[in-house]
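Visitor: Handing you this structure, nothing more for now.
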Amino acid sequence: MSPKARKIIGWVLAGMLALVATGSAFGKFTADPSSEMGQQFIKMGLFDIRFIIGGIEFLCVILLLIPRTSTIGLVMFVGYWGGAIATHLSHGEGPGAPLAFLVLTGLIAIVRNPELLSRLLGKTLPA
């Protein structure tokens with residue numbers, strides 16, 4: 001894959017993740033106890049800290065979209081999605097959406113940082 005195509009694909013995938021995560025973060029900011037998301041947070045005992053969770057998610061988005069800090073954003077997103085998966089599983093729910101976003105985050109990391117995949121596979125990148 002050419003560097004230009006890799007860059008375009010990386011930005012498109014990052015944009016998709018950023019849009020979804022921004023919507024999710026604002027959903028957390030605006031959730032009231034009668035809404036579906038509010039009920040979900042009440043059930044999990046997280047309603048009082050939903051602003052903190054949404055703020056962390058939004059911070060991940062900002063860091064992901066700034067080229068100089070995108071790696072930090074990706075690492076933070078991995079932790080965020082991992083926590084979301086653990087929370088869902090500990091409350092008897094399926095990890096579907098957070099797991100899908102974790103996979104998307106990993107794909108973005110590999111597309112944007114090809115040296116990451118080569119290190120994971122133990123291969124060197126062609127010069």
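Lettering and numbering for the structure tokens are positional, with chains as A, B, ... in the shown order, residues counted from 1 in each chain, and ligands counted from 1 in the shown order.
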Give me, as a PyMOL selection string, all polymer residues having an atom no more than 7 Å from region 9-11 of chain A, counting only C-alpha atoms and skipping those fewer than 4 positions away in the same chain.
Guide: chain A and resi 5+15+108+111-112
Visitor: Keeping only all heavy atoms, write those residues as a PDB file, in the first residue's frame.
Guide:
ATOM      1  N   ALA A   5      -2.016   6.352   0.198  1.00  0.00           N
ATOM      2  CA  ALA A   5      -3.229   5.576   0.462  1.00  0.00           C
ATOM      3  C   ALA A   5      -3.327   5.222   1.942  1.00  0.00           C
ATOM      4  O   ALA A   5      -4.409   5.289   2.545  1.00  0.00           O
ATOM      5  CB  ALA A   5      -3.239   4.300  -0.379  1.00  0.00           C
ATOM      6  N   GLY A  15     -11.321   9.293  11.582  1.00  0.00           N
ATOM      7  CA  GLY A  15     -12.496  10.160  11.541  1.00  0.00           C
ATOM      8  C   GLY A  15     -13.762   9.422  11.939  1.00  0.00           C
ATOM      9  O   GLY A  15     -14.605   9.948  12.672  1.00  0.00           O
ATOM     10  N   ILE A 108      -6.528   1.208  13.211  1.00  0.00           N
ATOM     11  CA  ILE A 108      -6.014   2.561  12.990  1.00  0.00           C
ATOM     12  C   ILE A 108      -4.543   2.626  13.378  1.00  0.00           C
ATOM     13  O   ILE A 108      -3.717   3.208  12.662  1.00  0.00           O
ATOM     14  CB  ILE A 108      -6.830   3.598  13.790  1.00  0.00           C
ATOM     15  CG1 ILE A 108      -8.251   3.681  13.239  1.00  0.00           C
ATOM     16  CG2 ILE A 108      -6.165   4.977  13.744  1.00  0.00           C
ATOM     17  CD1 ILE A 108      -9.219   4.428  14.145  1.00  0.00           C
ATOM     18  N   VAL A 111      -2.492   0.906  10.637  1.00  0.00           N
ATOM     19  CA  VAL A 111      -2.466   1.658   9.377  1.00  0.00           C
ATOM     20  C   VAL A 111      -1.612   2.916   9.524  1.00  0.00           C
ATOM     21  O   VAL A 111      -0.816   3.244   8.651  1.00  0.00           O
ATOM     22  CB  VAL A 111      -3.896   2.009   8.910  1.00  0.00           C
ATOM     23  CG1 VAL A 111      -3.874   3.007   7.773  1.00  0.00           C
ATOM     24  CG2 VAL A 111      -4.636   0.753   8.493  1.00  0.00           C
ATOM     25  N   ARG A 112      -1.788   3.618  10.636  1.00  0.00           N
ATOM     26  CA  ARG A 112      -1.050   4.872  10.822  1.00  0.00           C
ATOM     27  C   ARG A 112       0.407   4.647  11.216  1.00  0.00           C
ATOM     28  O   ARG A 112       1.241   5.517  11.001  1.00  0.00           O
ATOM     29  CB  ARG A 112      -1.725   5.721  11.897  1.00  0.00           C
ATOM     30  CG  ARG A 112      -2.963   6.421  11.410  1.00  0.00           C
ATOM     31  CD  ARG A 112      -3.461   7.339  12.484  1.00  0.00           C
ATOM     32  NE  ARG A 112      -4.150   8.478  11.886  1.00  0.00           N
ATOM     33  CZ  ARG A 112      -4.580   9.492  12.583  1.00  0.00           C
ATOM     34  NH1 ARG A 112      -4.393   9.542  13.874  1.00  0.00           N
ATOM     35  NH2 ARG A 112      -5.201  10.472  11.983  1.00  0.00           N
TER      36      ARG A 112
END
Visitor: Enumerate the residues of chain A with a DSSP assignment of helix (DSSP H, G or I), computed from the backbone, and present them as a PyMOL selection string.
Guide: chain A and resi 3-30+36-44+47-65+67-90+96-112+114-121
Visitor: Within 7 Å of region 49-72 of chain A, which residues of region 19-39 of chain A come that close, and what is the closest atom pair and distance in Å for each? Count only C-alpha atoms and give it as a Markdown table.
Guide:
| residue | atom | partner | partner_atom | distance |
| --- | --- | --- | --- | --- |
| A:Ala21 | CA | A:Glu57 | CA | 6.6 |
| A:Thr22 | CA | A:Phe58 | CA | 6.0 |
| A:Ala25 | CA | A:Gly54 | CA | 4.3 |
| A:Phe26 | CA | A:Gly54 | CA | 6.9 |
| A:Lys28 | CA | A:Gly54 | CA | 5.4 |
| A:Phe29 | CA | A:Phe51 | CA | 5.5 |
Visitor: Please produce an output containing N, CA, C and O atoms for each residue in the selection, written as a PDB file, in the first residue's frame.
Guide:
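Saved as selection.pdb:
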ATOM      1  N   ALA A  21     -17.151   8.229  18.796  1.00  0.00           N
ATOM      2  CA  ALA A  21     -16.760   8.489  20.177  1.00  0.00           C
ATOM      3  C   ALA A  21     -17.224   9.863  20.648  1.00  0.00           C
ATOM      4  O   ALA A  21     -17.608  10.025  21.813  1.00  0.00           O
ATOM      5  N   THR A  22     -17.222  10.855  19.762  1.00  0.00           N
ATOM      6  CA  THR A  22     -17.717  12.179  20.133  1.00  0.00           C
ATOM      7  C   THR A  22     -19.206  12.115  20.440  1.00  0.00           C
ATOM      8  O   THR A  22     -19.675  12.683  21.438  1.00  0.00           O
ATOM      9  N   ALA A  25     -19.564  10.443  23.783  1.00  0.00           N
ATOM     10  CA  ALA A  25     -19.166  11.330  24.880  1.00  0.00           C
ATOM     11  C   ALA A  25     -20.267  12.350  25.168  1.00  0.00           C
ATOM     12  O   ALA A  25     -20.633  12.576  26.330  1.00  0.00           O
ATOM     13  N   PHE A  26     -20.821  12.968  24.121  1.00  0.00           N
ATOM     14  CA  PHE A  26     -21.889  13.939  24.332  1.00  0.00           C
ATOM     15  C   PHE A  26     -23.147  13.268  24.872  1.00  0.00           C
ATOM     16  O   PHE A  26     -23.901  13.877  25.639  1.00  0.00           O
ATOM     17  N   LYS A  28     -23.080  10.892  27.026  1.00  0.00           N
ATOM     18  CA  LYS A  28     -22.805  10.790  28.455  1.00  0.00           C
ATOM     19  C   LYS A  28     -23.024  12.131  29.148  1.00  0.00           C
ATOM     20  O   LYS A  28     -23.521  12.187  30.268  1.00  0.00           O
ATOM     21  N   PHE A  29     -22.631  13.223  28.491  1.00  0.00           N
ATOM     22  CA  PHE A  29     -22.810  14.552  29.080  1.00  0.00           C
ATOM     23  C   PHE A  29     -24.283  14.928  29.216  1.00  0.00           C
ATOM     24  O   PHE A  29     -24.658  15.629  30.142  1.00  0.00           O
TER      25      PHE A  29
END
Visitor: Find the spatial neighbours of Thr105 (chain A), counting only C-alpha atoms, within a cut-off of 10 Å - ignore same-chain residues fewer than 4 positions away - and output them as JSON, numbers by chain.
Guide: {"A": [13, 14, 17, 73, 74, 75, 77, 78, 81, 99, 100, 101, 109, 110, 111]}
Visitor: Might you pull out every residue within 12 Å of Thr124 (chain A), with only C-alpha atoms counted and same-chain residues fewer than 6 positions away left off, and present them as a list of chain:residue names?
Guide: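 Returned residues: A:Pro114, A:Glu115, A:Leu116, A:Leu117, A:Ser118.
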Visitor: Using only C-alpha atoms, which residues sit within 12 Å of region 93-97 of chain A once same-chain residues fewer than 2 positions away are excluded, as a PyMOL selection string?
Guide: chain A and resi 17+20-21+24+40+43-44+81-91+99-104
Visitor: What is the distance between CA of Leu121 (chain A) and CA of Lys7 (chain A), in Å to one decimal?
Guide: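 For CA of Leu121 (chain A) relative to CA of Lys7 (chain A), the distance reads 21.3 Å.
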Visitor: What is the distance, in Å and to one decimal place, between CA of Tyr80 (chain A) and CA of Leu120 (chain A)?
Guide: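 CA of Leu120 (chain A) lies 21.6 Å from CA of Tyr80 (chain A).
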Visitor: Just how far from CA of Gly79 (chain A) is CA of Phe41 (chain A), in Å to one decimal?
Guide: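 Straight-line distance from CA of Phe41 (chain A) to CA of Gly79 (chain A) works out to 19.1 Å.
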